[in-house]
>>> print(open('structure.cif').read())   # mmCIF, C-alpha atoms
data_upload
loop_
_atom_site.label_atom_id
_atom_site.label_comp_id
_atom_site.auth_asym_id
_atom_site.auth_seq_id
_atom_site.Cartn_x
_atom_site.Cartn_y
_atom_site.Cartn_z
CA MET A 26 -30.40 46.42 -40.96
CA LYS A 27 -26.96 47.28 -39.66
CA ARG A 28 -28.52 48.32 -36.34
CA LEU A 29 -30.42 44.99 -36.17
CA MET A 30 -27.23 42.97 -36.79
CA THR A 31 -25.47 44.91 -34.03
CA ILE A 32 -28.26 44.08 -31.58
CA VAL A 33 -28.20 40.39 -32.58
CA LEU A 34 -24.42 40.18 -32.17
CA ALA A 35 -24.60 41.88 -28.78
CA ALA A 36 -27.28 39.44 -27.66
CA LEU A 37 -25.18 36.50 -28.82
CA MET A 38 -22.18 37.84 -26.91
CA VAL A 39 -24.24 38.17 -23.72
CA PHE A 40 -25.65 34.67 -24.19
CA GLY A 41 -22.16 33.31 -24.77
CA LEU A 42 -20.81 34.95 -21.65
CA ALA A 43 -23.73 33.62 -19.64
CA ALA A 44 -23.15 30.13 -21.00
CA CYS A 45 -19.47 30.31 -20.17
CA GLY A 46 -20.32 31.52 -16.72
CA SER A 47 -22.72 28.64 -16.22
CA LYS A 48 -20.13 26.16 -17.46
CA GLU A 49 -17.46 27.63 -15.20
CA GLU A 50 -19.87 27.54 -12.26
CA ALA A 51 -20.71 23.90 -13.01
CA ASN A 52 -17.04 22.98 -13.07
CA THR A 53 -16.40 24.86 -9.85
CA ASN A 54 -19.25 23.07 -8.14
CA THR A 55 -18.04 19.59 -9.13
CA ASP A 56 -17.39 17.96 -5.77
CA THR A 57 -15.58 14.63 -5.55
CA ASN A 58 -14.89 14.91 -1.84
CA THR A 59 -15.69 11.81 0.16
CA GLU A 60 -17.78 13.88 2.55
CA THR A 61 -20.23 14.49 -0.34
CA ASN A 62 -20.43 11.14 -2.13
CA ASN A 63 -19.90 9.06 1.04
CA VAL A 64 -17.50 6.69 -0.75
CA LEU A 65 -14.13 5.96 0.82
CA ARG A 66 -11.64 5.21 -1.97
CA VAL A 67 -8.70 3.22 -0.63
CA GLY A 68 -5.61 2.54 -2.73
CA MET A 69 -3.45 -0.59 -2.46
CA GLU A 70 -1.42 -2.90 -4.71
CA CYS A 71 -3.65 -5.95 -4.26
CA ASN A 72 -0.42 -7.88 -4.79
CA TYR A 73 1.25 -7.95 -1.36
CA ALA A 74 -0.12 -10.90 0.59
CA PRO A 75 -1.06 -11.24 3.38
CA PHE A 76 -1.63 -7.47 3.50
CA ASN A 77 -3.53 -7.40 0.21
CA TRP A 78 -4.03 -9.58 -2.84
CA THR A 79 -6.29 -10.09 -5.86
CA THR A 80 -8.66 -13.04 -6.08
CA LEU A 81 -11.47 -14.30 -8.31
CA GLU A 82 -13.34 -15.99 -5.47
CA ALA A 83 -15.80 -14.03 -3.36
CA GLY A 84 -15.55 -14.53 0.38
CA GLU A 85 -16.47 -13.05 3.72
CA HIS A 86 -13.76 -10.39 3.54
CA THR A 87 -13.47 -9.71 -0.19
CA VAL A 88 -14.28 -6.38 -1.83
CA GLN A 89 -14.98 -6.00 -5.55
CA ILE A 90 -12.28 -4.19 -7.55
CA ASN A 91 -13.85 -4.47 -11.00
CA SER A 92 -16.32 -6.72 -12.82
CA VAL A 93 -13.98 -9.71 -12.45
CA ASP A 94 -11.43 -9.21 -9.66
CA LEU A 95 -11.87 -8.90 -5.92
CA ALA A 96 -9.44 -7.78 -3.22
CA ASP A 97 -8.74 -9.59 0.03
CA GLY A 98 -6.18 -9.45 2.81
CA TYR A 99 -5.36 -7.68 6.05
CA ASP A 100 -5.47 -4.22 4.48
CA VAL A 101 -8.86 -4.94 2.91
CA VAL A 102 -10.32 -5.96 6.26
CA MET A 103 -8.75 -2.90 7.89
CA ALA A 104 -10.18 -0.64 5.17
CA SER A 105 -13.61 -2.24 5.58
CA MET A 106 -13.56 -1.62 9.34
CA ILE A 107 -12.42 1.99 8.90
CA ALA A 108 -15.16 2.66 6.33
CA GLU A 109 -17.80 1.05 8.55
CA GLN A 110 -16.76 3.11 11.56
CA MET A 111 -16.95 6.26 9.43
CA GLY A 112 -20.34 5.32 8.00
CA MET A 113 -18.99 5.24 4.45
CA GLU A 114 -19.07 2.85 1.51
CA LEU A 115 -15.70 1.27 0.71
CA GLN A 116 -14.16 1.27 -2.75
CA ILE A 117 -10.83 -0.52 -3.31
CA VAL A 118 -8.61 1.01 -6.02
CA LYS A 119 -5.86 -1.28 -7.31
CA LEU A 120 -2.67 0.65 -8.13
CA GLU A 121 1.02 0.01 -8.65
CA TRP A 122 3.09 0.80 -5.55
CA ASP A 123 4.81 3.82 -7.09
CA SER A 124 1.41 5.25 -8.13
CA LEU A 125 -0.14 5.27 -4.66
CA ILE A 126 1.17 8.61 -3.37
CA PRO A 127 0.64 10.48 -6.68
CA ALA A 128 -2.91 9.09 -6.87
CA LEU A 129 -3.61 10.26 -3.31
CA ASN A 130 -2.31 13.76 -3.96
CA GLN A 131 -4.20 14.01 -7.26
CA GLY A 132 -7.47 13.16 -5.51
CA GLU A 133 -7.94 9.79 -7.22
CA ILE A 134 -8.06 8.01 -3.85
CA ASP A 135 -8.75 9.15 -0.28
CA LEU A 136 -6.49 6.82 1.71
CA ILE A 137 -3.52 4.53 1.25
CA ILE A 138 -3.85 1.31 3.24
CA ALA A 139 -1.14 -0.80 1.65
CA GLY A 140 1.44 -1.86 4.22
CA MET A 141 3.14 1.53 3.86
CA THR A 142 5.65 2.70 6.47
CA ASP A 143 5.60 6.29 7.72
CA THR A 144 9.04 7.67 6.75
CA PRO A 145 10.43 11.24 6.80
CA THR A 146 10.67 11.22 3.00
CA ARG A 147 7.04 10.21 2.57
CA ARG A 148 5.95 12.73 5.20
CA GLU A 149 7.18 15.46 2.86
CA GLU A 150 4.37 14.47 0.49
CA ILE A 151 1.56 13.01 2.62
CA SER A 152 0.36 12.62 6.21
CA PHE A 153 -0.02 9.42 8.24
CA THR A 154 -2.10 7.99 11.06
CA THR A 155 -0.51 6.14 13.93
CA PRO A 156 0.68 2.63 12.93
CA TYR A 157 -2.01 0.02 12.38
CA TYR A 158 0.41 -2.95 12.41
CA GLU A 159 4.03 -3.67 13.33
CA SER A 160 6.15 -6.73 12.67
CA ASP A 161 9.79 -7.82 12.25
CA MET A 162 12.14 -7.71 9.28
CA VAL A 163 13.41 -11.10 8.06
CA ILE A 164 14.87 -12.62 4.92
CA ILE A 165 13.28 -15.31 2.75
CA VAL A 166 15.66 -17.99 1.45
CA LYS A 167 15.55 -21.43 -0.14
CA ASP A 168 15.07 -24.16 2.43
CA GLY A 169 18.35 -26.03 2.93
CA SER A 170 20.56 -23.34 1.41
CA GLU A 171 23.72 -22.03 3.08
CA VAL A 172 22.19 -18.62 3.66
CA GLN A 173 19.59 -20.24 5.90
CA ASN A 174 22.29 -20.55 8.58
CA VAL A 175 23.20 -16.86 8.86
CA THR A 176 22.65 -15.27 12.27
CA ASP A 177 23.70 -11.69 11.50
CA ILE A 178 22.93 -9.52 8.48
CA GLN A 179 26.63 -8.78 8.04
CA GLU A 180 27.08 -12.40 6.99
CA LEU A 181 24.95 -11.66 3.93
CA ALA A 182 27.65 -9.67 2.10
CA GLN A 183 28.69 -12.77 0.12
CA TYR A 184 25.12 -13.50 -0.96
CA LYS A 185 22.85 -11.89 -3.55
CA VAL A 186 20.07 -10.00 -1.78
CA MET A 187 16.97 -8.40 -3.31
CA GLY A 188 14.21 -6.09 -2.02
CA GLN A 189 10.99 -4.53 -3.30
CA GLN A 190 11.35 -1.48 -5.51
CA GLY A 191 10.51 1.88 -3.95
CA THR A 192 10.44 0.57 -0.37
CA THR A 193 12.68 0.78 2.69
CA TYR A 194 13.05 -2.98 2.37
CA ASP A 195 15.28 -2.41 -0.63
CA GLU A 196 17.17 0.50 0.96
CA ILE A 197 18.08 -1.47 4.10
CA ILE A 198 20.12 -3.96 2.09
CA ASP A 199 22.91 -1.36 2.03
CA GLN A 200 23.21 -1.82 5.82
CA ILE A 201 25.11 -5.00 4.92
CA GLU A 202 28.74 -3.89 4.84
CA GLY A 203 30.47 -4.74 1.57
CA ILE A 204 27.27 -5.91 -0.14
CA GLY A 205 28.26 -4.00 -3.32
CA ALA A 206 27.02 -5.63 -6.51
CA ASN A 207 25.37 -8.37 -4.48
CA HIS A 208 22.62 -5.84 -3.73
CA LEU A 209 20.48 -6.86 -6.68
CA ASP A 210 18.22 -4.52 -8.59
CA PRO A 211 14.80 -4.47 -6.91
CA LYS A 212 11.62 -5.84 -8.43
CA ALA A 213 8.16 -4.28 -8.40
CA ASP A 214 6.55 -6.82 -6.07
CA TYR A 215 7.01 -10.17 -4.35
CA PRO A 216 5.41 -12.30 -7.08
CA ALA A 217 8.16 -10.94 -9.35
CA MET A 218 10.92 -11.66 -6.81
CA ILE A 219 10.00 -15.20 -5.76
CA PRO A 220 10.89 -16.77 -9.15
CA ASP A 221 14.33 -15.14 -8.94
CA LEU A 222 14.80 -16.65 -5.49
CA THR A 223 13.72 -20.14 -6.50
CA ALA A 224 15.85 -19.98 -9.67
CA GLY A 225 18.97 -18.91 -7.75
CA VAL A 226 19.19 -15.44 -9.28
CA ALA A 227 18.81 -14.14 -5.71
CA ASP A 228 19.93 -15.89 -2.53
CA ALA A 229 17.66 -13.93 -0.22
CA ILE A 230 14.90 -11.34 -0.32
CA THR A 231 13.97 -8.99 2.50
CA ALA A 232 10.41 -9.09 3.85
CA GLU A 233 8.20 -8.33 6.79
CA LEU A 234 7.49 -11.39 8.92
CA PRO A 235 3.79 -11.77 7.97
CA VAL A 236 4.68 -11.58 4.28
CA ALA A 237 7.47 -14.13 4.75
CA VAL A 238 5.18 -16.51 6.65
CA GLY A 239 2.59 -16.34 3.91
CA ILE A 240 5.08 -16.83 1.09
CA CYS A 241 6.77 -19.77 2.79
CA THR A 242 3.43 -21.38 3.61
CA ALA A 243 2.49 -21.27 -0.06
CA ASN A 244 6.00 -22.28 -1.25
CA GLN A 245 7.27 -25.28 0.69
CA SER A 246 10.74 -24.98 -0.87
CA LEU A 247 11.26 -21.64 0.89
CA THR A 248 11.84 -20.65 4.49
CA TYR A 249 12.66 -17.46 6.37
CA VAL A 250 15.43 -16.36 8.72
CA THR A 251 14.90 -14.16 11.77
CA PHE A 252 17.61 -12.22 13.59
CA ALA A 253 18.20 -11.56 17.26
CA GLU A 254 18.06 -7.98 18.47
CA GLY A 255 21.16 -6.08 17.40
CA HIS A 256 21.94 -8.53 14.59
CA GLY A 257 19.16 -7.66 12.16
CA PHE A 258 18.22 -4.71 9.99
CA ASP A 259 17.69 -1.30 11.54
CA VAL A 260 14.31 -0.46 10.07
CA ASP A 261 10.85 0.67 11.09
CA THR A 262 8.51 -2.22 10.28
CA SER A 263 5.33 -0.46 11.35
CA VAL A 264 2.73 0.40 8.72
CA SER A 265 0.34 3.35 8.76
CA ILE A 266 -2.54 4.80 6.78
CA GLY A 267 -1.56 7.52 4.30
CA LEU A 268 -3.68 10.67 3.85
CA ARG A 269 -3.51 13.92 1.91
CA LYS A 270 -1.90 16.84 3.69
CA GLY A 271 -4.14 19.63 4.91
CA GLU A 272 -7.21 17.50 5.59
CA GLU A 273 -6.94 17.56 9.38
CA GLU A 274 -10.64 17.04 10.11
CA PHE A 275 -10.85 14.05 7.77
CA GLN A 276 -7.60 12.63 9.21
CA ALA A 277 -9.02 12.96 12.72
CA ARG A 278 -12.07 10.93 11.67
CA VAL A 279 -9.87 8.22 10.15
CA GLN A 280 -7.65 8.14 13.24
CA ALA A 281 -10.70 7.90 15.52
CA ALA A 282 -12.01 4.97 13.49
CA LEU A 283 -8.62 3.25 13.64
CA ASP A 284 -8.43 3.75 17.40
CA THR A 285 -11.58 1.66 17.88
CA ILE A 286 -9.75 -1.46 16.62
CA SER A 287 -7.88 -3.15 19.47
CA ALA A 288 -4.36 -4.58 19.23
CA GLU A 289 -5.79 -8.04 19.86
CA THR A 290 -8.23 -7.67 16.96
CA ARG A 291 -5.45 -6.45 14.65
CA LEU A 292 -3.35 -9.52 15.47
CA GLU A 293 -6.30 -11.85 14.89
CA MET A 294 -6.92 -10.15 11.55
CA MET A 295 -3.32 -10.75 10.46
CA LEU A 296 -3.31 -14.40 11.53
CA ALA A 297 -6.56 -14.96 9.64
CA ALA A 298 -5.28 -13.18 6.51
CA THR A 299 -2.07 -15.22 6.55
CA ASP A 300 -4.10 -18.41 6.92
CA ARG A 301 -6.50 -17.75 4.05
CA GLN A 302 -4.19 -16.19 1.47
CA PRO A 303 -4.27 -18.20 -1.78
CA ALA A 304 -1.45 -20.61 -2.59
CA GLY A 305 1.23 -18.99 -4.73
CA GLU A 306 0.68 -15.46 -3.42
#
>>> encode(input="structure.cif", output="structure tokens")
Amino acid sequence: MKRLMTIVLAALMVFGLAACGSKEEANTNTDTNTETNNVLRVGMECNYAPFNWTTLEAGEHTVQINSVDLADGYDVVMASMIAEQMGMELQIVKLEWDSLIPALNQGEIDLIIAGMTDTPTRREEISFTTPYYESDMVIIVKDGSEVQNVTDIQELAQYKVMGQQGTTYDEIIDQIEGIGANHLDPKADYPAMIPDLTAGVADAITAELPVAVGICTANQSLTYVTFAEGHGFDVDTSVSIGLRKGEEEFQARVQAALDTISAETRLEMMLAATDRQPAGE
């Protein structure tokens, strides 16, 4: 009897080890790489018109986010064209701005197409393609306000200026000499900043020109101020596609797809996105 129990226990141990081995092998073989499932997961805020926004209305350029919401905008069209060129199915993943890079590095998304600028700090964490769009840096102000008449950023020191959290568009405010406490705490996105501007909490907010055009089109009480060369902010306003480090072959495919889209087409895409963005974005 004792001998029989020993044999049974040994058999159970072997079976257990085999089961563990199978489980470990199954986990090891789990492959979420885009090359296998042919789905291109692109992260963006869906809250940064005209680059990207959330809508309930389906249209020619919209992509489903979930059972209710859809995404639209310049970045969505760009992502759709990249996915088509690569022969992949597009999936838009809506994320907070500060979650985009962590999500990319954790494998939750494959690309960031979200109006993100290639900076040295970001390059420490991720890689980038060449720019897919470039614009100018302006400020958005209330139409008819004193700040509307400024011609140089150094004149802004006496005004309260705000930028988007976690972006260079907040950092550049410190280029205004003596701005001090008038550099207001940043907000997460533009829909959160616009009420502060209209209520007088802020006198100006920094923005890329396409974003400013869209906001001012939807809000007739607002306008934007441009600056002549040498009198504006010193900032890179180009935006690029973010990718995980170490995926050179995949990055080459993305870059090749991007290179098929002409500068003229990119401009037309932005003009169209600015024109169709929903009121209030």
>>> atom_distance(input="structure.cif", atom1="CA of Ala232 (chain A)", atom2="CA of Gln190 (chain A)")
12.1 Å
>>> resolve_selection(input="structure.cif", expression="the PyMOL selection byres ((chain A and resi 119) around 8)", output="list of chain:residue names")
A:Gly68, A:Met69, A:Glu70, A:Cys71, A:Ile90, A:Ile117, A:Val118, A:Leu120, A:Glu121
>>> axis_aligned_box(input="structure.cif", around="region 269-281 of chain A", padding_each_side="5 Å", output="AutoDock Vina command-line options")
--center_x -7.0 --center_y 13.8 --center_z 8.7 --size_x 20.2 --size_y 21.7 --size_z 23.6
>>> residues_around(input="structure.cif", residues="region 204-209 of chain A", least_positions_apart="5", cutoff="6 Å", atoms="only C-alpha atoms", output="JSON list (two decimals) with C-alpha atoms, in the coordinates of the input")
[["chain", "number", "residue", "atom", "x", "y", "z"],
["A", 182, "ALA", "CA", 27.65, -9.67, 2.10],
["A", 185, "LYS", "CA", 22.85, -11.89, -3.55],
["A", 186, "VAL", "CA", 20.07, -10.00, -1.78],
["A", 187, "MET", "CA", 16.97, -8.40, -3.31]]
>>> resolve_selection(input="structure.cif", expression="the PyMOL selection byres ((chain A and resi 284-287) around 10)", output="VMD selection string")
chain A and resid 103 106 to 107 110 154 to 155 157 278 to 283 288 to 293
>>> closest_residue(input="structure.cif", among="A:Ala237, A:Ala96, A:Leu115, A:Val102", to="Ala298 (chain A)", atoms="all atoms listed in the file")
A:Val102
>>> atom_distance(input="structure.cif", atom1="CA of Glu82 (chain A)", atom2="CA of Met218 (chain A)")
24.7 Å
>>> atom_distance(input="structure.cif", atom1="CA of Gly225 (chain A)", atom2="CA of Thr251 (chain A)")
20.5 Å
>>> closest_residue(input="structure.cif", among="A:Tyr99, A:Ile198, A:Gly191, A:Ile164", to="Leu125 (chain A)", atoms="all atoms listed in the file")
A:Gly191
>>> closest_residue(input="structure.cif", among="A:Ile230, A:Val175, A:Leu136, A:Ala253", to="Ala217 (chain A)", atoms="only C-alpha atoms")
A:Ile230
>>> decode(input="structure.cif", residues="region 65-101 of chain A", atoms="N, CA and C atoms", output="mmCIF file, in the first residue's frame")
data_model
loop_
_atom_site.group_PDB
_atom_site.id
_atom_site.type_symbol
_atom_site.label_atom_id
_atom_site.label_comp_id
_atom_site.auth_asym_id
_atom_site.auth_seq_id
_atom_site.Cartn_x
_atom_site.Cartn_y
_atom_site.Cartn_z
ATOM 1 N N LEU A 65 -3.568 47.708 -35.819
ATOM 2 C CA LEU A 65 -2.698 48.813 -35.458
ATOM 3 C C LEU A 65 -3.403 49.655 -34.409
ATOM 4 N N ARG A 66 -2.918 49.578 -33.166
ATOM 5 C CA ARG A 66 -3.538 50.302 -32.050
ATOM 6 C C ARG A 66 -2.864 51.663 -31.890
ATOM 7 N N VAL A 67 -3.625 52.714 -32.115
ATOM 8 C CA VAL A 67 -3.081 54.075 -32.098
ATOM 9 C C VAL A 67 -3.682 54.849 -30.935
ATOM 10 N N GLY A 68 -2.816 55.397 -30.085
ATOM 11 C CA GLY A 68 -3.269 56.157 -28.932
ATOM 12 C C GLY A 68 -3.332 57.648 -29.209
ATOM 13 N N MET A 69 -4.373 58.290 -28.685
ATOM 14 C CA MET A 69 -4.536 59.745 -28.775
ATOM 15 C C MET A 69 -5.533 60.185 -27.715
ATOM 16 N N GLU A 70 -5.583 61.504 -27.446
ATOM 17 C CA GLU A 70 -6.483 62.023 -26.416
ATOM 18 C C GLU A 70 -7.944 61.989 -26.846
ATOM 19 N N CYS A 71 -8.174 62.201 -28.136
ATOM 20 C CA CYS A 71 -9.533 62.391 -28.658
ATOM 21 C C CYS A 71 -10.189 63.591 -27.970
ATOM 22 N N ASN A 72 -9.356 64.610 -27.721
ATOM 23 C CA ASN A 72 -9.831 65.802 -27.003
ATOM 24 C C ASN A 72 -8.949 67.002 -27.343
ATOM 25 N N TYR A 73 -8.440 67.040 -28.587
ATOM 26 C CA TYR A 73 -7.460 68.046 -28.975
ATOM 27 C C TYR A 73 -7.724 68.482 -30.417
ATOM 28 N N ALA A 74 -8.928 69.001 -30.635
ATOM 29 C CA ALA A 74 -9.321 69.423 -31.981
ATOM 30 C C ALA A 74 -8.434 70.571 -32.466
ATOM 31 N N PRO A 75 -8.124 70.607 -33.774
ATOM 32 C CA PRO A 75 -8.616 69.740 -34.842
ATOM 33 C C PRO A 75 -7.773 68.483 -35.056
ATOM 34 N N PHE A 76 -6.780 68.239 -34.190
ATOM 35 C CA PHE A 76 -5.970 67.030 -34.349
ATOM 36 C C PHE A 76 -6.779 65.773 -34.036
ATOM 37 N N ASN A 77 -7.536 65.799 -32.957
ATOM 38 C CA ASN A 77 -8.374 64.652 -32.616
ATOM 39 C C ASN A 77 -9.467 65.069 -31.648
ATOM 40 N N TRP A 78 -10.636 64.468 -31.796
ATOM 41 C CA TRP A 78 -11.731 64.760 -30.878
ATOM 42 C C TRP A 78 -12.688 63.572 -30.842
ATOM 43 N N THR A 79 -13.589 63.594 -29.846
ATOM 44 C CA THR A 79 -14.596 62.553 -29.682
ATOM 45 C C THR A 79 -15.932 63.056 -30.200
ATOM 46 N N THR A 80 -16.659 62.190 -30.888
ATOM 47 C CA THR A 80 -17.968 62.567 -31.422
ATOM 48 C C THR A 80 -18.928 61.386 -31.304
ATOM 49 N N LEU A 81 -20.215 61.687 -31.349
ATOM 50 C CA LEU A 81 -21.246 60.649 -31.334
ATOM 51 C C LEU A 81 -21.781 60.379 -32.730
ATOM 52 N N GLU A 82 -21.403 61.231 -33.687
ATOM 53 C CA GLU A 82 -21.934 61.128 -35.040
ATOM 54 C C GLU A 82 -20.932 60.465 -35.976
ATOM 55 N N ALA A 83 -21.364 59.409 -36.619
ATOM 56 C CA ALA A 83 -20.514 58.722 -37.582
ATOM 57 C C ALA A 83 -20.373 59.563 -38.844
ATOM 58 N N GLY A 84 -19.196 59.518 -39.438
ATOM 59 C CA GLY A 84 -18.934 60.275 -40.649
ATOM 60 C C GLY A 84 -17.908 59.573 -41.509
ATOM 61 N N GLU A 85 -17.533 60.237 -42.581
ATOM 62 C CA GLU A 85 -16.593 59.643 -43.532
ATOM 63 C C GLU A 85 -15.256 59.294 -42.904
ATOM 64 N N HIS A 86 -14.828 60.109 -41.908
ATOM 65 C CA HIS A 86 -13.485 59.943 -41.352
ATOM 66 C C HIS A 86 -13.475 59.396 -39.932
ATOM 67 N N THR A 87 -14.635 59.106 -39.360
ATOM 68 C CA THR A 87 -14.680 58.671 -37.967
ATOM 69 C C THR A 87 -14.259 57.211 -37.808
ATOM 70 N N VAL A 88 -13.731 56.912 -36.625
ATOM 71 C CA VAL A 88 -13.340 55.549 -36.258
ATOM 72 C C VAL A 88 -13.930 55.261 -34.883
ATOM 73 N N GLN A 89 -14.542 54.099 -34.729
ATOM 74 C CA GLN A 89 -15.194 53.738 -33.472
ATOM 75 C C GLN A 89 -14.167 53.593 -32.350
ATOM 76 N N ILE A 90 -14.473 54.190 -31.192
ATOM 77 C CA ILE A 90 -13.626 54.034 -30.000
ATOM 78 C C ILE A 90 -14.200 52.951 -29.099
ATOM 79 N N ASN A 91 -15.516 53.060 -28.859
ATOM 80 C CA ASN A 91 -16.231 52.073 -28.046
ATOM 81 C C ASN A 91 -17.644 51.936 -28.613
ATOM 82 N N SER A 92 -18.549 51.365 -27.845
ATOM 83 C CA SER A 92 -19.900 51.132 -28.351
ATOM 84 C C SER A 92 -20.668 52.421 -28.606
ATOM 85 N N VAL A 93 -20.215 53.527 -28.020
ATOM 86 C CA VAL A 93 -20.934 54.797 -28.150
ATOM 87 C C VAL A 93 -20.118 55.847 -28.898
ATOM 88 N N ASP A 94 -18.876 56.044 -28.504
ATOM 89 C CA ASP A 94 -18.065 57.149 -29.011
ATOM 90 C C ASP A 94 -17.270 56.791 -30.259
ATOM 91 N N LEU A 95 -17.045 57.823 -31.072
ATOM 92 C CA LEU A 95 -16.188 57.707 -32.236
ATOM 93 C C LEU A 95 -15.120 58.795 -32.171
ATOM 94 N N ALA A 96 -14.029 58.576 -32.868
ATOM 95 C CA ALA A 96 -12.952 59.571 -32.939
ATOM 96 C C ALA A 96 -12.908 60.167 -34.337
ATOM 97 N N ASP A 97 -12.558 61.448 -34.399
ATOM 98 C CA ASP A 97 -12.401 62.126 -35.676
ATOM 99 C C ASP A 97 -11.276 63.128 -35.527
ATOM 100 N N GLY A 98 -10.839 63.689 -36.636
ATOM 101 C CA GLY A 98 -9.801 64.711 -36.606
ATOM 102 C C GLY A 98 -8.629 64.377 -37.508
ATOM 103 N N TYR A 99 -7.703 65.301 -37.579
ATOM 104 C CA TYR A 99 -6.524 65.149 -38.432
ATOM 105 C C TYR A 99 -5.735 63.892 -38.085
ATOM 106 N N ASP A 100 -5.511 63.654 -36.794
ATOM 107 C CA ASP A 100 -4.737 62.485 -36.378
ATOM 108 C C ASP A 100 -5.448 61.186 -36.728
ATOM 109 N N VAL A 101 -6.778 61.196 -36.682
ATOM 110 C CA VAL A 101 -7.547 59.993 -37.013
ATOM 111 C C VAL A 101 -7.401 59.672 -38.494
#
